[in-house]
Amino acid sequence: MRILGIDSSGLVASVAVIDDDVLLGEFTTDYKKTHSTTLMPMLDQLIQMLGIPLSSIDAIAVAAGPGSFTGLRIGAATVKGLAYALSIPVIAVPTVDAIAYNLYGSRRLICPLMDARRQQAYSGLYRFSETNKFIVRKEQAPESIADIIERINIEDLPVTFLGDGVPVFKDFIEKNTTVDYDFAPAFCNRQRAGAVASLGRLYFDKEFYTSAEEFRPVYLRKSQAEREAEERKKAGSGAGGYNA
C-alpha cells in the first residue's frame with residue numbers, strides 16, 4: 001500500500017511516501033518559510049524524483065493537529081484537494097502521536113513537547129511495549145509545562161523529550177525533572193512525514209480513516225487571535241459594568 005504523508009503542523013514542513021514497509025522518499029525542512037510557499041513544491045519535487053504518478057497513491061496520512069492554526073489549515077486544504085482529486089481516503093494522525101512515533105522501539109517513556117505559548121505545550125505520554133506495540137499512556141492535550149513535569153515525576157520512569165518545545169522549556173525540565181531524562185537527537189526530534197505515514201498505515205489497517213469532504217483538523221483549543229478577542233470583549237464588558 002502506498003501512502004503519502006504530510007505534516008505542516010508546526011515550523012517543520014514535511015512530505016513523504018511509503019510503500020508498505022519501505023520509505024521511498026522524504027522531504028523535510030525546518031526553516032522560517034510559510035508552508036503555503038513550500039508544501040506543494042516539496043511534494044511536486046519528491047514525486048518527480050521518485051518517478052511515480054500521484055495516481056499511484058492509495059491514501060494520504062496527515063498530521064491533523066494540534067499545532068499551528070495556519071499550518072494546520074494549509075495542510076488540511078492541501079490534503080483535502082489531493083484526496084478529493086484522487087478519490088482516496090484521508091488518515092487523520094494526531095500530531096503529538098506522530099512525533100512520539102519517531103522514537104519507535106524506545107524502551108523509555110516518550111514525552112513530545114510542542115510549544116503552545118503561555119508556558120503551555122501540546123503534549124502526551126507514550127511507550128513501546130516489548131513487542132513494539134505503540135501505547136498511548138496519555139492522549140495529546142494542551143497543558144502547562146509544570147503539570148507535564150509533575151506527571152512525569154510521578155510516573156517515575158526514564159523519559160525522552162522531543163519536539164520544538166524542548167528548547168523553550170529545557171531550563172525548566174533540567175531544574176524540575178527528578179527522573180532520568182534525555183533529549184532526542186536532531187534526526188528524530190521534530191515532525192517527520194515518514195512517521196506520520198507509517199503510523200497512518202497502522203490506523204488505516206484499523207479502518208481509522210475518512211473522506212476528503214469529512215476531514216477536519218484538530219485544534220484542541222482556540223487560536224491566539226480568538227483568545228485575545230475574547231479577552232478584549234471581557235475587559236470591555238467589565239469596564240462597562242463598572243461604569244454603570
# chains A, B, ... in the order shown; residues from 1 in each chain; ligands from 1
$ residues_around --residues "Thr178 of chain A" --least-positions-apart "5" --cutoff "12 Å" --atoms "only C-alpha atoms" --output "list in words"
Ile149, Glu150, Arg151, Ile152, Asn153, Ile154, Glu155, Asp156, Leu157, Pro158, Val159, Phe172 and Ile173 of chain A
$ write_last_selection --atoms "C-alpha atoms" --output "compact mmCIF listing (two decimals), in the first residue's frame"
# COMPACT_ATOMS: atom_id res chain seq x y z
CA ILE A 149 6.81 17.53 34.50
CA GLU A 150 4.87 16.78 37.69
CA ARG A 151 3.13 13.87 35.96
CA ILE A 152 6.44 12.56 34.60
CA ASN A 153 8.00 12.66 38.04
CA ILE A 154 5.05 10.68 39.40
CA GLU A 155 5.44 8.10 36.62
CA ASP A 156 9.00 7.56 37.90
CA LEU A 157 10.28 6.14 34.60
CA PRO A 158 13.20 7.18 32.39
CA VAL A 159 11.89 9.64 29.80
CA PHE A 172 12.53 24.18 33.37
CA ILE A 173 12.96 20.49 32.50
$ residues_around --residues "segment 75-89 of chain A" --least-positions-apart "6" --cutoff "6 Å" --atoms "only C-alpha atoms" --output "number ranges by chain"
A: 8, 59, 210-212
$ write_last_selection --atoms "C-alpha atoms" --output "mmCIF file, in the first residue's frame"
data_model
loop_
_atom_site.group_PDB
_atom_site.id
_atom_site.type_symbol
_atom_site.label_atom_id
_atom_site.label_comp_id
_atom_site.auth_asym_id
_atom_site.auth_seq_id
_atom_site.Cartn_x
_atom_site.Cartn_y
_atom_site.Cartn_z
ATOM 1 C CA SER A 8 2.660 21.122 8.302
ATOM 2 C CA ALA A 59 -4.232 7.145 0.868
ATOM 3 C CA THR A 210 -12.229 9.390 6.488
ATOM 4 C CA SER A 211 -13.132 11.078 3.222
ATOM 5 C CA ALA A 212 -11.753 14.333 1.877
#
$ closest_residue --among "A:Ala197, A:Val166, A:Met1, A:Leu11" --to "Gly71 of chain A" --atoms "only C-alpha atoms"
A:Leu11
$ atom_distance --atom1 "atom CA of Ala63 of chain A" --atom2 "atom CA of Arg190 of chain A"
12.4 Å
$ select_by_dssp --residues "segment 23-190 of chain A" --states "strand (DSSP E)" --output "ChimeraX atom specification"
/A:23-29,59-65,90-94,109-115,120-128,134-144,159-162,181-183
$ residues_around --residues "Leu72 of chain A" --least-positions-apart "2" --cutoff "10 Å" --atoms "only C-alpha atoms" --output "list in words"
Asp7, Ser8, Ser9, Gly10, His35, Val62, Ala63, Ala64, Gly65, Pro66, Gly67, Ser68, Phe69, Thr70, Ile74, Gly75, Ala76, Ala77, Thr78, Arg216, Pro217, Val218 and Tyr219 of chain A
$ select_by_dssp --residues "segment 65-120 of chain A" --states "alpha helix (DSSP H)" --output "list in words"
Phe69, Thr70, Gly71, Leu72, Arg73, Ile74, Gly75, Ala76, Ala77, Thr78, Val79, Lys80, Gly81, Leu82, Ala83, Tyr84, Ala85, Leu86, Thr95, Val96, Asp97, Ala98, Ile99, Ala100 and Tyr101 of chain A
$ residues_around --residues "Arg108 of chain A" --least-positions-apart "3" --cutoff "10 Å" --atoms "only C-alpha atoms" --output "PyMOL selection string"
chain A and resi 103+105+111+126-129+157-160+180-182
$ residues_around --residues "Gly25 of chain A" --least-positions-apart "5" --cutoff "8 Å" --atoms "only C-alpha atoms" --output "PyMOL selection string"
chain A and resi 16-18+46+50
$ write_last_selection --atoms "N, CA, C and O atoms" --output "mmCIF file, in the first residue's frame"
data_model
loop_
_atom_site.group_PDB
_atom_site.id
_atom_site.type_symbol
_atom_site.label_atom_id
_atom_site.label_comp_id
_atom_site.auth_asym_id
_atom_site.auth_seq_id
_atom_site.Cartn_x
_atom_site.Cartn_y
_atom_site.Cartn_z
ATOM 1 N N ALA A 16 6.307 12.801 2.653
ATOM 2 C CA ALA A 16 6.980 11.512 2.494
ATOM 3 C C ALA A 16 6.053 10.544 1.778
ATOM 4 O O ALA A 16 4.830 10.706 1.802
ATOM 5 N N VAL A 17 6.642 9.550 1.171
ATOM 6 C CA VAL A 17 5.868 8.467 0.554
ATOM 7 C C VAL A 17 6.423 7.149 1.063
ATOM 8 O O VAL A 17 7.636 6.914 1.005
ATOM 9 N N ILE A 18 5.532 6.294 1.587
ATOM 10 C CA ILE A 18 5.928 4.947 1.969
ATOM 11 C C ILE A 18 5.184 3.957 1.086
ATOM 12 O O ILE A 18 4.059 4.224 0.651
ATOM 13 N N LEU A 46 9.351 15.825 -4.739
ATOM 14 C CA LEU A 46 9.501 14.456 -4.239
ATOM 15 C C LEU A 46 8.911 13.455 -5.227
ATOM 16 O O LEU A 46 9.539 12.437 -5.554
ATOM 17 N N LEU A 50 10.978 10.579 -7.308
ATOM 18 C CA LEU A 50 10.649 9.167 -7.169
ATOM 19 C C LEU A 50 10.202 8.564 -8.503
ATOM 20 O O LEU A 50 10.263 7.343 -8.685
#
$ residues_around --residues "segment 112-115 of chain A" --least-positions-apart "3" --cutoff "7 Å" --atoms "only C-alpha atoms" --output "list of chain:residue names"
A:Val96, A:Ile99, A:Ala100, A:Gln120, A:Ala121, A:Tyr122, A:Ser123, A:Gly124, A:Phe161, A:Leu162, A:Gly163, A:Asp164, A:Gly165, A:Val166
$ closest_residue --among "A:Gln191, A:Ser144, A:Thr131, A:Thr95" --to "Ala116 of chain A" --atoms "only C-alpha atoms"
A:Ser144
$ closest_atom_pairs --of "segment 60-155 of chain A" --to "segment 201-206 of chain A" --cutoff "10 Å" --atoms "only C-alpha atoms" --output "tab-separated table"
residue	atom	partner	partner_atom	distance
A:Ile60	CA	A:Arg201	CA	9.6
A:Ala61	CA	A:Arg201	CA	8.0
A:Pro89	CA	A:Phe204	CA	9.2
A:Val90	CA	A:Phe204	CA	9.1
A:Ile91	CA	A:Phe204	CA	6.7
A:Ala92	CA	A:Tyr203	CA	8.6
A:Val93	CA	A:Tyr203	CA	7.9
A:Phe134	CA	A:Leu202	CA	9.9
$ atom_distance --atom1 "atom CA of Ile47 of chain A" --atom2 "atom CA of Thr34 of chain A"
20.7 Å
$ residues_around --residues "Gly194 of chain A" --least-positions-apart "6" --cutoff "7 Å" --atoms "only C-alpha atoms" --output "list in words"
Gly5, Ala16, Leu23 and Glu26 of chain A
